[in-house]
$ cat run_7.txt   # compact mmCIF, C-alpha atoms
# COMPACT_ATOMS: atom_id res chain seq x y z
CA MET A 1 -16.62 -60.98 26.79
CA PRO A 2 -15.82 -59.52 23.37
CA THR A 3 -12.73 -57.36 23.13
CA VAL A 4 -12.79 -53.99 21.36
CA LEU A 5 -9.49 -52.71 19.97
CA PHE A 6 -8.94 -49.31 18.38
CA THR A 7 -6.49 -48.10 15.76
CA SER A 8 -3.51 -46.23 17.09
CA ALA A 9 -4.54 -43.36 14.78
CA LEU A 10 -7.26 -42.54 17.31
CA GLN A 11 -4.80 -42.38 20.19
CA ARG A 12 -3.64 -38.98 18.92
CA PHE A 13 -7.01 -37.52 19.76
CA LEU A 14 -8.17 -39.31 22.88
CA PRO A 15 -7.28 -42.30 25.06
CA VAL A 16 -8.77 -45.51 23.66
CA PRO A 17 -7.32 -48.57 25.38
CA SER A 18 -8.60 -51.97 24.30
CA ALA A 19 -11.53 -53.05 26.41
CA HIS A 20 -13.41 -56.20 27.39
CA VAL A 21 -17.07 -55.33 27.21
CA THR A 22 -20.48 -56.88 27.48
CA GLY A 23 -22.75 -56.82 24.46
CA ALA A 24 -24.34 -59.13 21.92
CA THR A 25 -24.01 -56.78 18.95
CA ILE A 26 -21.49 -54.29 17.62
CA ALA A 27 -23.78 -51.46 18.72
CA GLU A 28 -23.96 -52.79 22.28
CA ALA A 29 -20.23 -53.40 22.49
CA LEU A 30 -19.44 -49.89 21.26
CA ALA A 31 -22.01 -48.36 23.60
CA ALA A 32 -20.17 -49.95 26.50
CA VAL A 33 -16.92 -48.31 25.40
CA PHE A 34 -18.57 -44.95 24.76
CA ALA A 35 -19.99 -45.01 28.29
CA SER A 36 -16.47 -44.67 29.65
CA GLU A 37 -15.24 -42.26 26.94
CA PRO A 38 -18.24 -40.28 25.58
CA ARG A 39 -16.13 -38.20 23.17
CA LEU A 40 -15.15 -41.35 21.28
CA ARG A 41 -18.65 -41.80 19.87
CA GLY A 42 -18.31 -38.81 17.52
CA TYR A 43 -14.98 -40.09 16.22
CA VAL A 44 -16.37 -43.49 15.24
CA LEU A 45 -20.04 -42.82 14.41
CA ASP A 46 -21.73 -40.06 12.44
CA ASP A 47 -24.66 -37.90 13.63
CA GLN A 48 -27.16 -40.64 12.79
CA GLY A 49 -25.25 -43.33 14.69
CA ALA A 50 -23.90 -45.03 11.55
CA LEU A 51 -20.28 -46.01 11.20
CA ARG A 52 -18.32 -43.12 9.72
CA ARG A 53 -17.69 -43.51 6.04
CA HIS A 54 -13.94 -43.94 6.35
CA VAL A 55 -13.94 -46.01 9.51
CA ALA A 56 -14.07 -49.79 9.34
CA ILE A 57 -14.96 -52.46 11.90
CA TYR A 58 -13.79 -56.04 11.54
CA VAL A 59 -14.80 -58.93 13.76
CA ASN A 60 -12.24 -61.73 13.86
CA GLY A 61 -10.82 -60.43 10.60
CA ARG A 62 -14.10 -59.99 8.71
CA SER A 63 -15.84 -56.72 7.92
CA ILE A 64 -19.19 -56.14 9.55
CA SER A 65 -22.18 -55.98 7.20
CA ASP A 66 -24.53 -53.50 8.89
CA ARG A 67 -22.70 -50.18 8.94
CA ALA A 68 -25.88 -48.17 9.53
CA ARG A 69 -27.31 -49.82 12.65
CA LEU A 70 -24.41 -52.01 13.74
CA THR A 71 -26.58 -55.06 14.37
CA ASP A 72 -23.92 -57.66 13.56
CA ALA A 73 -23.80 -60.20 16.38
CA VAL A 74 -20.67 -60.70 18.46
CA ALA A 75 -19.76 -63.66 20.63
CA GLN A 76 -17.86 -64.01 23.88
CA ASP A 77 -14.38 -64.47 22.44
CA ASP A 78 -14.70 -62.17 19.44
CA GLU A 79 -12.20 -59.43 18.71
CA ILE A 80 -13.76 -56.25 17.39
CA TYR A 81 -11.20 -54.13 15.59
CA VAL A 82 -11.99 -50.47 14.85
CA PHE A 83 -9.69 -48.77 12.34
CA GLN A 84 -9.60 -46.25 9.53
CA ALA A 85 -9.14 -46.43 5.80
CA LEU A 86 -5.93 -44.59 4.99
CA SER A 87 -6.03 -41.77 2.46
CA GLY A 88 -4.62 -38.36 1.72
CA GLY A 89 -1.13 -36.93 1.43
CA MET B 1 -3.37 -2.40 15.51
CA THR B 2 -4.13 -6.11 15.73
CA GLU B 3 -1.14 -8.13 16.81
CA ARG B 4 -2.34 -11.68 16.24
CA LEU B 5 -3.11 -13.63 13.09
CA HIS B 6 -4.51 -17.15 12.92
CA ILE B 7 -3.86 -19.41 9.94
CA GLY B 8 -5.90 -22.59 9.48
CA THR B 9 -4.11 -25.00 7.17
CA HIS B 10 -4.45 -28.51 5.83
CA LYS B 11 -1.99 -29.61 8.48
CA GLY B 12 -2.51 -27.52 11.54
CA LEU B 13 -3.31 -24.15 13.08
CA PHE B 14 -0.59 -21.52 13.08
CA GLU B 15 -0.67 -18.34 15.12
CA LEU B 16 1.46 -15.40 14.10
CA ALA B 17 2.35 -12.52 16.36
CA ARG B 18 3.79 -9.13 15.50
CA HIS B 19 6.93 -8.38 17.46
CA LYS B 20 8.99 -5.26 16.82
CA GLY B 21 7.34 -4.85 13.46
CA VAL B 22 7.99 -8.42 12.32
CA TRP B 23 5.33 -11.10 11.95
CA ASP B 24 6.46 -14.54 13.04
CA ILE B 25 4.92 -17.85 14.01
CA ALA B 26 4.27 -17.83 17.75
CA ASP B 27 2.31 -21.06 18.17
CA VAL B 28 1.43 -24.27 16.33
CA GLN B 29 -1.54 -26.46 17.27
CA PHE B 30 -3.20 -29.56 15.77
CA LEU B 31 -0.13 -30.26 13.64
CA GLY B 32 -1.10 -32.73 10.94
CA ASP B 33 -4.83 -32.11 11.19
CA PRO B 34 -6.90 -30.10 8.68
CA VAL B 35 -8.35 -26.87 10.09
CA SER B 36 -11.54 -25.78 8.31
CA ALA B 37 -12.38 -22.57 10.22
CA VAL B 38 -10.93 -20.36 12.93
CA LEU B 39 -12.42 -17.56 14.98
CA ALA B 40 -10.78 -15.34 17.57
CA VAL B 41 -13.28 -13.36 19.62
CA THR B 42 -13.06 -10.16 21.57
CA ASP B 43 -12.80 -11.91 24.93
CA GLY B 44 -9.40 -13.21 23.88
CA THR B 45 -10.42 -16.81 23.26
CA VAL B 46 -10.07 -18.77 20.02
CA TYR B 47 -12.23 -21.39 18.30
CA ALA B 48 -10.79 -23.83 15.78
CA ALA B 49 -12.82 -26.28 13.69
CA LEU B 50 -11.03 -29.40 12.53
CA ASP B 51 -11.99 -31.60 9.61
CA LEU B 52 -10.41 -34.91 10.53
CA GLY B 53 -11.75 -36.79 7.55
CA HIS B 54 -11.93 -40.33 8.92
CA PHE B 55 -13.04 -39.25 12.35
CA GLY B 56 -15.31 -36.33 11.50
CA ALA B 57 -15.48 -32.64 12.25
CA LYS B 58 -14.34 -31.41 15.66
CA LEU B 59 -14.37 -28.12 17.50
CA TRP B 60 -11.75 -26.87 19.93
CA HIS B 61 -11.58 -23.80 22.10
CA ARG B 62 -8.64 -21.97 23.61
CA SER B 63 -9.32 -20.20 26.85
CA ARG B 64 -7.92 -16.86 27.81
CA THR B 65 -5.23 -18.67 29.77
CA GLY B 66 -4.16 -20.56 26.66
CA ASN B 67 -5.55 -24.02 27.36
CA TRP B 68 -7.14 -25.89 24.45
CA ARG B 69 -10.19 -28.07 25.12
CA GLU B 70 -12.47 -30.02 22.80
CA LEU B 71 -16.04 -28.71 22.70
CA PRO B 72 -19.19 -30.47 21.56
CA VAL B 73 -19.45 -30.18 17.82
CA PRO B 74 -22.67 -29.08 16.08
CA ALA B 75 -24.68 -32.23 15.33
CA PHE B 76 -27.78 -32.97 13.30
CA PRO B 77 -30.87 -34.44 14.99
CA PRO B 78 -32.04 -37.97 14.16
CA LYS B 79 -33.26 -38.14 10.59
CA PRO B 80 -36.99 -38.84 10.54
CA GLU B 81 -38.37 -41.72 8.49
CA ASP B 82 -40.20 -39.39 6.10
CA ALA B 83 -37.02 -37.49 5.21
CA GLY B 84 -35.82 -40.33 3.04
CA ASP B 85 -35.61 -38.38 -0.20
CA ASP B 86 -33.47 -35.62 1.27
CA PRO B 87 -30.49 -35.30 -1.11
CA HIS B 88 -28.23 -34.05 1.68
CA PRO B 89 -26.82 -36.07 4.56
CA TRP B 90 -28.08 -35.40 8.09
CA SER B 91 -24.60 -35.55 9.48
CA LEU B 92 -22.02 -32.84 9.93
CA GLY B 93 -19.50 -32.72 7.10
CA LYS B 94 -17.44 -29.83 8.33
CA VAL B 95 -17.70 -26.45 10.00
CA TRP B 96 -17.00 -23.92 7.27
CA ALA B 97 -17.88 -20.55 8.80
CA LEU B 98 -17.70 -19.34 12.40
CA GLU B 99 -19.06 -15.88 13.17
CA PRO B 100 -19.72 -13.98 16.41
CA GLY B 101 -23.46 -13.46 16.90
CA GLY B 102 -23.33 -9.93 18.28
CA VAL B 103 -24.45 -11.15 21.73
CA PRO B 104 -22.03 -12.41 24.42
CA GLY B 105 -21.58 -16.16 24.08
CA ARG B 106 -23.38 -16.41 20.74
CA ILE B 107 -21.65 -17.85 17.70
CA TRP B 108 -23.15 -18.97 14.40
CA ALA B 109 -21.61 -21.93 12.58
CA GLY B 110 -22.18 -22.41 8.85
CA THR B 111 -21.54 -25.99 7.84
CA MET B 112 -21.54 -28.57 5.12
CA PRO B 113 -24.07 -30.08 4.35
CA GLY B 114 -25.88 -26.76 4.71
CA GLY B 115 -26.96 -26.68 8.35
CA LEU B 116 -26.72 -23.44 10.28
CA PHE B 117 -26.00 -23.89 13.98
CA ARG B 118 -26.01 -21.51 16.90
CA THR B 119 -24.58 -21.51 20.36
CA ASP B 120 -25.49 -19.03 23.08
CA ASP B 121 -23.06 -20.40 25.66
CA GLY B 122 -19.73 -20.01 23.94
CA GLY B 123 -19.85 -23.39 22.21
CA GLU B 124 -20.77 -25.62 25.14
CA SER B 125 -23.98 -26.59 23.31
CA TRP B 126 -25.21 -26.11 19.74
CA SER B 127 -28.62 -26.17 18.14
CA LEU B 128 -29.50 -26.61 14.49
CA ASN B 129 -31.51 -23.79 12.93
CA GLN B 130 -34.60 -25.87 12.25
CA ALA B 131 -36.39 -23.27 10.11
CA LEU B 132 -33.64 -23.20 7.51
CA TRP B 133 -32.99 -26.93 7.56
CA HIS B 134 -36.65 -27.91 7.20
CA MET B 135 -37.38 -25.32 4.52
CA PRO B 136 -38.52 -27.27 1.41
CA GLU B 137 -36.29 -25.14 -0.83
CA ARG B 138 -33.22 -26.39 1.02
CA ARG B 139 -33.49 -29.66 -0.90
CA GLN B 140 -32.80 -27.68 -4.09
CA TRP B 141 -29.46 -26.48 -2.78
CA SER B 142 -26.58 -27.69 -4.94
CA GLY B 143 -23.45 -29.25 -3.54
CA VAL B 144 -20.06 -27.64 -3.60
CA ALA B 145 -18.01 -28.57 -6.68
CA GLY B 146 -20.65 -31.03 -7.80
CA GLY B 147 -20.58 -32.89 -4.50
CA GLU B 148 -23.56 -33.86 -2.42
CA GLN B 149 -23.01 -31.29 0.29
CA PRO B 150 -23.99 -27.62 -0.01
CA GLY B 151 -22.03 -25.35 2.29
CA ILE B 152 -22.86 -22.19 4.20
CA ASN B 153 -19.74 -20.16 3.55
CA SER B 154 -20.78 -16.74 4.89
CA VAL B 155 -22.74 -15.61 7.93
CA LEU B 156 -23.24 -11.84 8.13
CA ILE B 157 -24.67 -10.40 11.32
CA ASP B 158 -25.86 -6.80 11.22
CA PRO B 159 -23.64 -5.01 13.76
CA ARG B 160 -26.59 -2.80 14.70
CA ASN B 161 -29.07 -5.64 15.14
CA PRO B 162 -28.02 -9.23 15.93
CA SER B 163 -31.40 -10.61 14.83
CA ASP B 164 -30.69 -9.53 11.24
CA ILE B 165 -28.74 -12.26 9.47
CA ARG B 166 -27.59 -12.99 5.93
CA ILE B 167 -26.04 -16.27 4.85
CA GLY B 168 -24.26 -17.12 1.63
CA VAL B 169 -24.47 -20.67 0.35
CA SER B 170 -22.39 -22.65 -2.12
CA SER B 171 -24.41 -23.11 -4.23
CA ALA B 172 -27.79 -21.72 -3.27
CA GLY B 173 -27.79 -17.94 -3.14
CA LEU B 174 -28.20 -15.57 -0.23
CA TRP B 175 -30.79 -16.13 2.48
CA ALA B 176 -31.97 -13.52 4.95
CA SER B 177 -33.61 -13.60 8.34
CA THR B 178 -34.69 -10.60 10.36
CA ASP B 179 -35.89 -12.62 13.35
CA THR B 180 -32.74 -14.41 14.55
CA GLY B 181 -33.34 -17.31 12.21
CA ALA B 182 -37.00 -18.03 12.93
CA THR B 183 -37.91 -17.43 9.27
CA TRP B 184 -35.83 -17.21 6.09
CA GLN B 185 -36.21 -15.97 2.58
CA ILE B 186 -33.95 -15.87 -0.45
CA ILE B 187 -33.32 -12.29 -1.44
CA ASN B 188 -30.52 -12.00 -3.98
CA HIS B 189 -31.38 -10.52 -7.36
CA GLY B 190 -29.01 -9.35 -10.05
CA MET B 191 -26.51 -12.21 -10.03
CA TYR B 192 -26.17 -14.71 -12.84
CA ASN B 193 -24.62 -18.13 -13.31
CA GLU B 194 -23.45 -18.33 -16.90
CA TYR B 195 -22.94 -22.09 -16.85
CA MET B 196 -26.59 -22.78 -16.01
CA PRO B 197 -29.31 -23.38 -18.63
CA PRO B 198 -30.74 -20.02 -19.77
CA GLU B 199 -33.99 -20.30 -17.84
CA ARG B 200 -32.10 -20.83 -14.58
CA ARG B 201 -29.23 -18.43 -15.17
CA GLU B 202 -30.59 -15.61 -13.03
CA ASP B 203 -32.59 -17.74 -10.60
CA PRO B 204 -31.52 -16.61 -7.09
CA ILE B 205 -31.34 -20.15 -5.68
CA PHE B 206 -28.84 -21.29 -8.30
CA GLN B 207 -26.30 -18.56 -7.58
CA ASP B 208 -22.91 -19.88 -6.54
CA ILE B 209 -21.82 -17.39 -3.91
CA HIS B 210 -18.18 -18.00 -3.08
CA LEU B 211 -18.10 -15.47 -0.26
CA LEU B 212 -19.89 -12.41 1.11
CA SER B 213 -18.26 -9.57 3.03
CA ARG B 214 -19.96 -6.51 4.49
CA CYS B 215 -18.78 -3.06 5.56
CA VAL B 216 -19.07 -2.93 9.34
CA ALA B 217 -19.61 0.83 9.41
CA ARG B 218 -22.18 0.71 6.58
CA PRO B 219 -23.74 -2.76 6.85
CA GLU B 220 -26.03 -2.24 3.88
CA ILE B 221 -22.92 -2.41 1.68
CA VAL B 222 -22.16 -6.07 0.88
CA TRP B 223 -19.59 -7.41 -1.58
CA CYS B 224 -19.66 -10.82 -3.20
CA GLN B 225 -17.11 -12.94 -4.96
CA HIS B 226 -19.36 -15.12 -7.05
CA HIS B 227 -18.46 -18.00 -9.33
CA ASN B 228 -19.19 -15.77 -12.31
CA GLY B 229 -17.77 -12.47 -11.19
CA VAL B 230 -17.77 -9.89 -8.44
CA PHE B 231 -20.88 -8.09 -7.30
CA ARG B 232 -21.85 -5.31 -4.90
CA SER B 233 -25.09 -4.63 -3.09
CA GLU B 234 -26.16 -1.35 -1.51
CA ASN B 235 -29.22 -2.77 0.21
CA ALA B 236 -27.83 -5.57 2.36
CA GLY B 237 -27.85 -8.23 -0.32
CA ALA B 238 -31.26 -7.79 -1.94
CA ASN B 239 -30.09 -6.30 -5.23
CA TRP B 240 -26.71 -6.72 -6.84
CA HIS B 241 -24.79 -5.17 -9.68
CA GLU B 242 -21.76 -6.71 -11.30
CA LEU B 243 -18.40 -4.95 -11.02
CA THR B 244 -17.09 -5.53 -14.51
CA ALA B 245 -14.00 -3.38 -13.97
CA ILE B 246 -12.37 -6.10 -11.84
CA ARG B 247 -8.98 -7.17 -13.18
CA PRO B 248 -6.96 -9.12 -14.09
CA SER B 249 -9.88 -11.59 -13.99
CA LYS B 250 -13.30 -11.88 -12.44
CA PHE B 251 -13.01 -15.38 -10.99
CA GLY B 252 -11.85 -16.03 -7.45
CA PHE B 253 -13.02 -17.08 -4.02
CA ALA B 254 -12.04 -14.44 -1.47
CA VAL B 255 -13.34 -10.95 -0.80
CA ALA B 256 -12.72 -8.58 2.10
CA ALA B 257 -14.74 -5.43 2.68
CA HIS B 258 -13.08 -2.43 4.26
CA PRO B 259 -14.58 -2.20 7.77
CA ARG B 260 -15.00 1.59 7.63
CA ASP B 261 -14.89 2.72 4.00
CA PRO B 262 -17.93 1.46 2.06
CA ASP B 263 -16.21 2.05 -1.28
CA THR B 264 -13.13 -0.11 -0.59
CA ALA B 265 -12.79 -3.88 -0.93
CA TRP B 266 -10.13 -6.41 -1.89
CA PHE B 267 -10.30 -9.53 -4.08
CA VAL B 268 -7.72 -12.11 -5.15
CA PRO B 269 -8.50 -13.00 -8.77
CA ALA B 270 -7.57 -16.21 -10.61
CA ILE B 271 -8.16 -17.73 -14.00
CA LYS B 272 -11.61 -19.17 -14.25
CA ASP B 273 -12.66 -21.80 -14.13
CA GLU B 274 -11.08 -25.22 -14.26
CA ARG B 275 -7.52 -23.92 -14.21
CA ARG B 276 -7.81 -21.91 -11.01
CA VAL B 277 -4.33 -20.40 -10.93
CA PRO B 278 -3.28 -16.74 -10.98
CA VAL B 279 -3.34 -14.99 -14.35
CA ASP B 280 0.12 -15.28 -16.01
CA GLY B 281 1.50 -16.95 -12.86
CA LYS B 282 1.45 -13.66 -10.99
CA VAL B 283 -0.11 -13.37 -7.53
CA VAL B 284 -2.00 -10.07 -7.28
CA VAL B 285 -4.70 -8.46 -5.18
CA ALA B 286 -7.42 -6.36 -6.81
CA ARG B 287 -8.50 -3.33 -4.79
CA THR B 288 -11.27 -0.88 -5.46
CA ARG B 289 -11.59 2.40 -3.59
CA ASP B 290 -14.50 3.81 -5.54
CA GLY B 291 -17.24 1.28 -4.95
CA GLY B 292 -16.13 -1.00 -7.75
CA ARG B 293 -16.05 1.46 -10.63
CA SER B 294 -12.32 0.88 -10.97
CA PHE B 295 -9.74 -1.51 -9.59
CA GLU B 296 -6.04 -1.30 -8.87
CA VAL B 297 -3.88 -4.41 -9.28
CA LEU B 298 -1.63 -4.62 -6.24
CA LYS B 299 1.56 -6.63 -6.64
CA ASN B 300 4.33 -4.95 -4.66
CA GLY B 301 5.98 -7.76 -2.68
CA LEU B 302 3.89 -10.53 -4.25
CA PRO B 303 5.47 -13.23 -6.47
CA GLN B 304 5.28 -12.25 -10.14
CA ARG B 305 6.92 -15.22 -11.83
CA HIS B 306 5.71 -18.83 -11.93
CA ALA B 307 3.43 -18.46 -8.94
CA TYR B 308 0.45 -20.80 -8.97
CA ASP B 309 -1.09 -19.93 -5.64
CA LEU B 310 -4.87 -20.10 -5.34
CA VAL B 311 -6.54 -18.28 -2.46
CA TRP B 312 -9.56 -19.96 -0.93
CA ARG B 313 -12.62 -18.03 0.18
CA HIS B 314 -11.75 -17.76 3.87
CA ALA B 315 -8.06 -17.09 3.33
CA LEU B 316 -8.14 -13.28 2.99
CA SER B 317 -8.58 -11.14 6.09
CA VAL B 318 -8.61 -7.47 6.95
CA ASP B 319 -8.39 -6.11 10.49
CA GLU B 320 -10.59 -3.50 12.16
CA THR B 321 -8.53 -0.59 10.84
CA GLY B 322 -8.69 -1.57 7.18
CA GLU B 323 -4.93 -1.11 6.93
CA LEU B 324 -3.76 -4.56 7.94
CA LEU B 325 -4.43 -7.38 5.49
CA ALA B 326 -3.28 -10.96 5.11
CA PHE B 327 -3.95 -13.77 2.68
CA GLY B 328 -2.77 -17.33 2.30
CA SER B 329 -2.72 -19.76 -0.59
CA THR B 330 -3.16 -23.39 -1.49
CA SER B 331 0.61 -23.49 -2.00
CA GLY B 332 1.19 -22.34 1.56
CA GLY B 333 2.10 -18.80 0.61
CA LEU B 334 1.24 -16.18 3.22
CA TRP B 335 1.47 -12.44 2.67
CA ILE B 336 0.79 -9.54 5.03
CA SER B 337 0.27 -5.86 4.25
CA GLU B 338 0.22 -3.06 6.77
CA ASN B 339 -0.76 -0.36 4.30
CA GLY B 340 -4.05 -1.50 2.84
CA GLY B 341 -2.40 -3.69 0.22
CA ASP B 342 0.07 -1.19 -1.24
CA SER B 343 2.94 -3.51 -0.33
CA TRP B 344 3.23 -7.03 1.04
CA THR B 345 5.74 -9.07 3.01
CA MET B 346 5.99 -12.80 3.49
CA PRO B 347 6.72 -14.19 6.97
CA GLU B 348 9.55 -16.67 7.18
CA ALA B 349 7.59 -19.88 6.84
CA ARG B 350 6.61 -22.53 4.32
CA LEU B 351 3.16 -23.50 5.46
CA PRO B 352 0.80 -26.31 4.44
CA PRO B 353 -2.10 -25.41 2.09
CA ILE B 354 -4.07 -22.60 3.73
CA ALA B 355 -7.84 -22.69 4.17
CA ALA B 356 -8.46 -19.85 6.61
CA VAL B 357 -6.70 -16.61 7.53
CA ARG B 358 -8.10 -14.44 10.28
CA PHE B 359 -6.93 -11.57 12.40
CA ALA B 360 -7.77 -11.59 16.07
CA PRO B 361 -9.87 -8.58 17.03
CA ALA B 362 -8.78 -6.07 19.62
CA LEU B 363 -9.64 -7.33 23.11
CA HIS B 364 -12.68 -5.85 24.86

$ encode --input "run_7.txt" --output "structure tokens"
Amino acid sequence: MPTVLFTSALQRFLPVPSAHVTGATIAEALAAVFASEPRLRGYVLDDQGALRRHVAIYVNGRSISDRARLTDAVAQDDEIYVFQALSGG
Amino acid sequence: MTERLHIGTHKGLFELARHKGVWDIADVQFLGDPVSAVLAVTDGTVYAALDLGHFGAKLWHRSRTGNWRELPVPAFPPKPEDAGDDPHPWSLGKVWALEPGGVPGRIWAGTMPGGLFRTDDGGESWSLNQALWHMPERRQWSGVAGGEQPGINSVLIDPRNPSDIRIGVSSAGLWASTDTGATWQIINHGMYNEYMPPERREDPIFQDIHLLSRCVARPEIVWCQHHNGVFRSENAGANWHELTAIRPSKFGFAVAAHPRDPDTAWFVPAIKDERRVPVDGKVVVARTRDGGRSFEVLKNGLPQRHAYDLVWRHALSVDETGELLAFGSTSGGLWISENGGDSWTMPEARLPPIAAVRFAPALH
């Protein structure tokens, strides 16, 4: 089962513990997490279901390539890390 | 008199209360998070829109008992395949204007990138105004400050008739609906944008309306702080004439109409256009009491030396009496007047940059 881990920056807004989920793609893995915390979807994805502009997803340390439809494949032991690009002051 | 004032800042929502004649901070929420709009309604509840940047726009509601809860945020429908050349994103940028709809439970939300949303159940569900969004002319709307997203900055509901609506758009003029948003037309004539090419200078759809404000008692009287000056309409936004007597300058963002007196309004001028600081480093409020024929420059209690405070469009508020005013600045300055602007005091606080200032209405 892939593991999804979230940046601690999200913990301020809602509980997002790391989770072992089923899913063959990023979209499927995230959908499994959103099923247990529906509010999280709007924090990570925009209205069209694409990854928010200033949110990044890495799999085993590499950035995903399909930010619009999240079709990148994930394997059993993959770690999916969801975090934000820091900015502002 | 109103006893509560809500301040939306770049780093949190601050609530001030008046106690024994002194305004002081009574509550702080969302500390660290940008607040883009705030609305207190007559049932005693409060709505706050957050603009979290990385994680999108959010909407929160405080119940009468004081508990905050996250509500669904207005969202755009799936973008159809044939909408590919739409210059504006089909995704909520931020909630910029929140206005009561004149019907219990109804609120209108003006947003970037130019979608108008409505709830009829107090924010539990939102629907996009399809007529406005699918209007072909909407694709001509210009973005704010050269960006890709136009913004609906003003939503005016006729207090006599909740189906009669005016919206002001940065930068796309003033649109009117008389059927609760089923159909729309652009109506503003008499404004001009001096930076546009000559053939487009007076074109209604290119007018950069910074904010609209209407007299509650005489809703046909509407005031506008425009990118190129201040204007007044006596027919609910259809025709406008420029108020050239404004001083010390005609540029600014905020305007507040007196709720009862159709001849009185307040503005907070600044140097146009790229500098955007007060003239001579002096924070002043411009007030007219004769329909814009003349203006007084109000400065009693306001900083008059090396003050570089800019006041955003939603950061000037007047209460239901027309006597109580407040405005806040990008430098975190906050000033309150209890005599229509004749004199001002500053609460004891150094706030983050202020985006929205709003009095709570009297409870019904």

$ closest_atom_pairs --input "run_7.txt" --of "chain A" --to "chain B" --cutoff "9 Å" --atoms "all atoms listed in the file" --output "CSV"
residue,atom,partner,partner_atom,distance
A:Leu10,CA,B:Phe55,CA,8.3
A:Arg39,CA,B:Pro72,CA,8.5
A:Gly42,CA,B:Gly56,CA,7.2
A:Tyr43,CA,B:Phe55,CA,4.4
A:Val44,CA,B:Phe55,CA,6.1
A:Leu45,CA,B:Phe55,CA,8.1
A:Asp46,CA,B:Ser91,CA,6.1
A:Asp47,CA,B:Ser91,CA,4.8
A:Gln48,CA,B:Pro78,CA,5.7
A:Gly49,CA,B:Pro78,CA,8.7
A:Arg52,CA,B:His54,CA,7.0
A:Arg53,CA,B:His54,CA,7.2
A:His54,CA,B:His54,CA,4.9
A:Val55,CA,B:His54,CA,6.1
A:Gln84,CA,B:His54,CA,6.4
A:Ala85,CA,B:His54,CA,7.4
A:Leu86,CA,B:His54,CA,8.3
A:Ser87,CA,B:His54,CA,8.9

$ residues_around --input "run_7.txt" --residues "stretch 18-35 of chain A" --least-positions-apart "4" --cutoff "6 Å" --atoms "all atoms listed in the file" --output "short mmCIF file (atom, residue, chain, number, x, y, z; two decimals) with C-alpha atoms, in the coordinates of the input"
data_model
loop_
_atom_site.label_atom_id
_atom_site.label_comp_id
_atom_site.auth_asym_id
_atom_site.auth_seq_id
_atom_site.Cartn_x
_atom_site.Cartn_y
_atom_site.Cartn_z
CA MET A 1 -16.62 -60.98 26.79
CA PRO A 2 -15.82 -59.52 23.37
CA THR A 3 -12.73 -57.36 23.13
CA VAL A 4 -12.79 -53.99 21.36
CA LEU A 5 -9.49 -52.71 19.97
CA ARG A 41 -18.65 -41.80 19.87
CA LEU A 70 -24.41 -52.01 13.74
CA THR A 71 -26.58 -55.06 14.37
CA ASP A 72 -23.92 -57.66 13.56
CA ALA A 73 -23.80 -60.20 16.38
CA VAL A 74 -20.67 -60.70 18.46
#

$ closest_residue --input "run_7.txt" --among "B:Leu325, B:Leu13, B:Ala270, B:Leu302" --to "B:Ala257" --atoms "only C-alpha atoms"
B:Leu325

$ atom_distance --input "run_7.txt" --atom1 "atom CA of B:Ser294" --atom2 "atom CA of B:Asp261"
15.3 Å
